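**Q** Supplied in C-alpha cells, the structure appears directly below.
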Amino acid sequence: MTPRPPTRILDGERPKRIVVNPISCKGHGLCAELLPEMIRLDDWGYPIIDPSPVPPHLEAHLKRAIAACPTLALLVADATE
Ligand code: SF4
C-alpha cells in the first residue's frame, strides 16, 4: 500500500510521527516552544524532530503547534507506514 502523504490533520486514529516540510519551514521556532518534548532547534533555529510516535498525552500540544506554524510546514505522518 502506498504511504499517505503527511498532513496537518491529527485524526487520533493511528500513532503519528512529526514531519517538517524543509522547503516551507522558515525557522520561526514556534513549534519547539509549543512542543519542547519532541522538537528542539538547531543552531540556526530550524527544528530537530524526535522521530518517535507522538504519545497520546502530547497530541493536544502537537495540534496547537501545527495550527501555530506560520508557514504550514509542521505536519504529521502515520508512524506505522
Ligand atoms: S513553527 Fe513552522 S516554520 Fe517555524 S520552525 Fe516550526 S515548522 Fe518551521
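Residue names in the C-alpha cells use chain letters A, B, ... in the order shown, residue numbers from 1 in each chain, and ligand numbers from 1 in the order shown.
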Residues at most 7 Å from ligand 1, using only C-alpha atoms and all ligand atoms? Could they come as an NGL selection string?
**A** :A and (20 or 24-32 or 45-47 or 65 or 68-74)
**Q** Put those residues in a file: N, CA and C atoms, as a compact mmCIF listing (two decimals), in the first residue's frame.
**A**
```txt
# COMPACT_ATOMS: atom_id res chain seq x y z
N VAL A 20 8.50 17.71 9.15
CA VAL A 20 8.60 19.12 8.77
C VAL A 20 8.91 19.21 7.28
N SER A 24 9.16 24.65 3.20
CA SER A 24 8.26 25.66 3.76
C SER A 24 8.78 26.23 5.07
N CYS A 25 9.48 25.42 5.86
CA CYS A 25 9.89 25.86 7.19
C CYS A 25 10.86 27.04 7.09
N LYS A 26 10.55 28.09 7.84
CA LYS A 26 11.41 29.29 7.83
C LYS A 26 12.13 29.48 9.16
N GLY A 27 12.08 28.46 10.02
CA GLY A 27 12.84 28.53 11.26
C GLY A 27 12.32 29.53 12.27
N HIS A 28 11.00 29.69 12.33
CA HIS A 28 10.42 30.60 13.32
C HIS A 28 10.58 30.07 14.74
N GLY A 29 10.62 28.75 14.88
CA GLY A 29 10.86 28.15 16.19
C GLY A 29 9.63 28.02 17.08
N LEU A 30 8.48 28.45 16.61
CA LEU A 30 7.26 28.34 17.42
C LEU A 30 6.97 26.90 17.82
N CYS A 31 7.20 25.99 16.90
CA CYS A 31 6.88 24.58 17.16
C CYS A 31 7.67 24.06 18.37
N ALA A 32 8.92 24.46 18.48
CA ALA A 32 9.74 23.98 19.60
C ALA A 32 9.28 24.61 20.92
N GLY A 45 18.04 27.75 14.29
CA GLY A 45 16.63 27.93 14.63
C GLY A 45 15.68 27.01 13.88
N TYR A 46 16.23 26.02 13.21
CA TYR A 46 15.37 25.06 12.49
C TYR A 46 15.11 23.84 13.37
N PRO A 47 13.92 23.24 13.23
CA PRO A 47 13.54 22.18 14.14
C PRO A 47 14.26 20.85 13.91
N ALA A 65 0.70 23.26 18.00
CA ALA A 65 1.91 23.62 17.25
C ALA A 65 1.63 23.60 15.75
N ALA A 68 -0.21 26.68 14.87
CA ALA A 68 0.55 27.92 15.05
C ALA A 68 1.65 28.11 14.02
N CYS A 69 2.07 27.06 13.34
CA CYS A 69 3.17 27.20 12.39
C CYS A 69 2.78 28.18 11.29
N PRO A 70 3.48 29.29 11.17
CA PRO A 70 3.06 30.33 10.24
C PRO A 70 3.22 29.97 8.76
N THR A 71 4.00 28.95 8.47
CA THR A 71 4.20 28.58 7.07
C THR A 71 3.58 27.23 6.71
N LEU A 72 2.78 26.68 7.63
CA LEU A 72 2.11 25.38 7.42
C LEU A 72 3.12 24.26 7.14
N ALA A 73 4.30 24.38 7.73
CA ALA A 73 5.37 23.41 7.46
C ALA A 73 5.33 22.21 8.41
N LEU A 74 4.59 22.35 9.51
CA LEU A 74 4.57 21.27 10.50
C LEU A 74 3.45 20.30 10.17
```
**Q** Determine which residues of chain A receive a DSSP assignment of helix (DSSP H, G or I), computed from the backbone, and state them as a PyMOL selection string.
**A** chain A and resi 30-34+56-68
**Q** Grab the residues selected above and save them as a CSV table (one decimal), in the first residue's frame with all heavy atoms.
**A**
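Written output follows (again-v4.csv):
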```csv
chain,number,residue,atom,x,y,z
A,30,LEU,N,8.5,28.4,16.6
A,30,LEU,CA,7.3,28.3,17.4
A,30,LEU,C,7.0,26.9,17.8
A,30,LEU,O,6.5,26.6,18.9
A,30,LEU,CB,6.1,28.9,16.6
A,30,LEU,CG,5.6,30.3,16.8
A,30,LEU,CD1,4.5,30.6,15.9
A,30,LEU,CD2,5.3,30.6,18.2
A,31,CYS,N,7.2,26.0,16.9
A,31,CYS,CA,6.9,24.6,17.2
A,31,CYS,C,7.7,24.1,18.4
A,31,CYS,O,7.1,23.3,19.2
A,31,CYS,CB,7.1,23.7,15.9
A,31,CYS,SG,8.8,23.9,15.2
A,32,ALA,N,8.9,24.5,18.5
A,32,ALA,CA,9.7,24.0,19.6
A,32,ALA,C,9.3,24.6,20.9
A,32,ALA,O,9.4,24.0,22.0
A,32,ALA,CB,11.2,24.3,19.3
A,33,GLU,N,8.7,25.8,20.8
A,33,GLU,CA,8.2,26.4,22.1
A,33,GLU,C,7.0,25.7,22.5
A,33,GLU,O,6.7,25.5,23.7
A,33,GLU,CB,7.9,27.9,21.8
A,33,GLU,CG,9.0,28.8,21.8
A,33,GLU,CD,8.6,30.3,21.6
A,33,GLU,OE1,7.5,30.7,22.1
A,33,GLU,OE2,9.4,31.0,21.0
A,34,LEU,N,6.1,25.3,21.6
A,34,LEU,CA,4.9,24.7,21.9
A,34,LEU,C,4.9,23.2,22.2
A,34,LEU,O,4.1,22.6,22.8
A,34,LEU,CB,3.8,24.9,20.8
A,34,LEU,CG,3.5,26.4,20.6
A,34,LEU,CD1,2.6,26.6,19.4
A,34,LEU,CD2,2.7,26.9,21.9
A,56,PRO,N,0.0,9.9,23.2
A,56,PRO,CA,-1.3,10.5,23.3
A,56,PRO,C,-1.4,11.7,24.1
A,56,PRO,O,-2.1,12.7,23.8
A,56,PRO,CB,-2.2,9.3,23.8
A,56,PRO,CG,-1.5,8.1,23.4
A,56,PRO,CD,0.0,8.4,23.4
A,57,HIS,N,-0.6,11.8,25.2
A,57,HIS,CA,-0.8,12.9,26.1
A,57,HIS,C,-0.2,14.2,25.5
A,57,HIS,O,-0.4,15.3,26.1
A,57,HIS,CB,-0.2,12.6,27.5
A,57,HIS,CG,1.3,12.5,27.5
A,57,HIS,ND1,2.1,11.4,27.1
A,57,HIS,CD2,2.3,13.5,27.8
A,57,HIS,CE1,3.3,11.7,27.2
A,57,HIS,NE2,3.5,12.9,27.7
A,58,LEU,N,0.6,14.1,24.4
A,58,LEU,CA,1.1,15.3,23.8
A,58,LEU,C,0.4,15.7,22.5
A,58,LEU,O,0.7,16.7,21.9
A,58,LEU,CB,2.6,15.0,23.4
A,58,LEU,CG,3.6,14.9,24.6
A,58,LEU,CD1,5.0,14.6,24.1
A,58,LEU,CD2,3.5,16.2,25.5
A,59,GLU,N,-0.7,15.0,22.2
A,59,GLU,CA,-1.4,15.3,20.9
A,59,GLU,C,-2.0,16.7,20.9
A,59,GLU,O,-2.0,17.3,19.9
A,59,GLU,CB,-2.4,14.2,20.6
A,59,GLU,CG,-1.8,12.9,20.1
A,59,GLU,CD,-2.8,11.9,19.7
A,59,GLU,OE1,-4.0,12.1,19.8
A,59,GLU,OE2,-2.3,10.8,19.3
A,60,ALA,N,-2.5,17.1,22.1
A,60,ALA,CA,-3.1,18.4,22.1
A,60,ALA,C,-2.1,19.5,21.9
A,60,ALA,O,-2.3,20.5,21.2
A,60,ALA,CB,-3.8,18.7,23.5
A,61,HIS,N,-0.9,19.3,22.4
A,61,HIS,CA,0.2,20.3,22.2
A,61,HIS,C,0.6,20.2,20.7
A,61,HIS,O,1.0,21.3,20.1
A,61,HIS,CB,1.4,19.9,23.1
A,61,HIS,CG,1.1,20.0,24.5
A,61,HIS,ND1,1.2,21.2,25.2
A,61,HIS,CD2,0.7,19.1,25.4
A,61,HIS,CE1,0.9,21.0,26.5
A,61,HIS,NE2,0.5,19.8,26.6
A,62,LEU,N,0.7,19.0,20.2
A,62,LEU,CA,1.0,18.9,18.7
A,62,LEU,C,0.0,19.7,17.9
A,62,LEU,O,0.4,20.4,16.9
A,62,LEU,CB,1.2,17.5,18.3
A,62,LEU,CG,1.4,17.2,16.8
A,62,LEU,CD1,2.7,17.9,16.4
A,62,LEU,CD2,1.5,15.7,16.6
A,63,LYS,N,-1.3,19.5,18.2
A,63,LYS,CA,-2.3,20.2,17.4
A,63,LYS,C,-2.1,21.7,17.4
A,63,LYS,O,-2.2,22.4,16.4
A,63,LYS,CB,-3.7,19.9,17.9
A,63,LYS,CG,-4.3,18.6,17.4
A,63,LYS,CD,-5.7,18.4,17.9
A,63,LYS,CE,-6.3,17.1,17.4
A,63,LYS,NZ,-7.5,16.7,18.1
A,64,ARG,N,-1.8,22.2,18.6
A,64,ARG,CA,-1.6,23.6,18.8
A,64,ARG,C,-0.3,24.1,18.0
A,64,ARG,O,-0.4,25.1,17.3
A,64,ARG,CB,-1.4,23.9,20.3
A,64,ARG,CG,-1.8,25.3,20.7
A,64,ARG,CD,-2.1,25.4,22.1
A,64,ARG,NE,-1.2,24.6,22.9
A,64,ARG,CZ,-0.5,25.0,24.0
A,64,ARG,NH1,-0.7,26.2,24.4
A,64,ARG,NH2,0.2,24.2,24.7
A,65,ALA,N,0.7,23.3,18.0
A,65,ALA,CA,1.9,23.6,17.3
A,65,ALA,C,1.6,23.6,15.7
A,65,ALA,O,2.1,24.5,15.0
A,65,ALA,CB,3.0,22.6,17.6
A,66,ILE,N,0.9,22.6,15.3
A,66,ILE,CA,0.5,22.6,13.8
A,66,ILE,C,-0.3,23.8,13.4
A,66,ILE,O,0.0,24.4,12.4
A,66,ILE,CB,-0.3,21.3,13.5
A,66,ILE,CG1,0.6,20.1,13.6
A,66,ILE,CG2,-0.9,21.4,12.1
A,66,ILE,CD1,-0.1,18.7,13.6
A,67,ALA,N,-1.2,24.2,14.3
A,67,ALA,CA,-2.0,25.4,14.0
A,67,ALA,C,-1.2,26.6,14.0
A,67,ALA,O,-1.5,27.6,13.3
A,67,ALA,CB,-3.2,25.4,15.0
A,68,ALA,N,-0.2,26.7,14.9
A,68,ALA,CA,0.6,27.9,15.1
A,68,ALA,C,1.7,28.1,14.0
A,68,ALA,O,2.1,29.2,13.9
A,68,ALA,CB,1.2,27.9,16.5
```
**Q** Run DSSP on the backbone and give me the residues of region 8-75 of chain A it puts in strand (DSSP E or B), as a ChimeraX atom specification.
**A** /A:16-20,39-41,47-49,74-75
**Q** Which of these, A:Met38, A:Ser52, A:Met1, A:Glu81, has the shortest distance to Arg17 (chain A) once you count only C-alpha atoms?
**A**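 Residue with the minimum atom-to-atom distance to Arg17 (chain A): A:Ser52.
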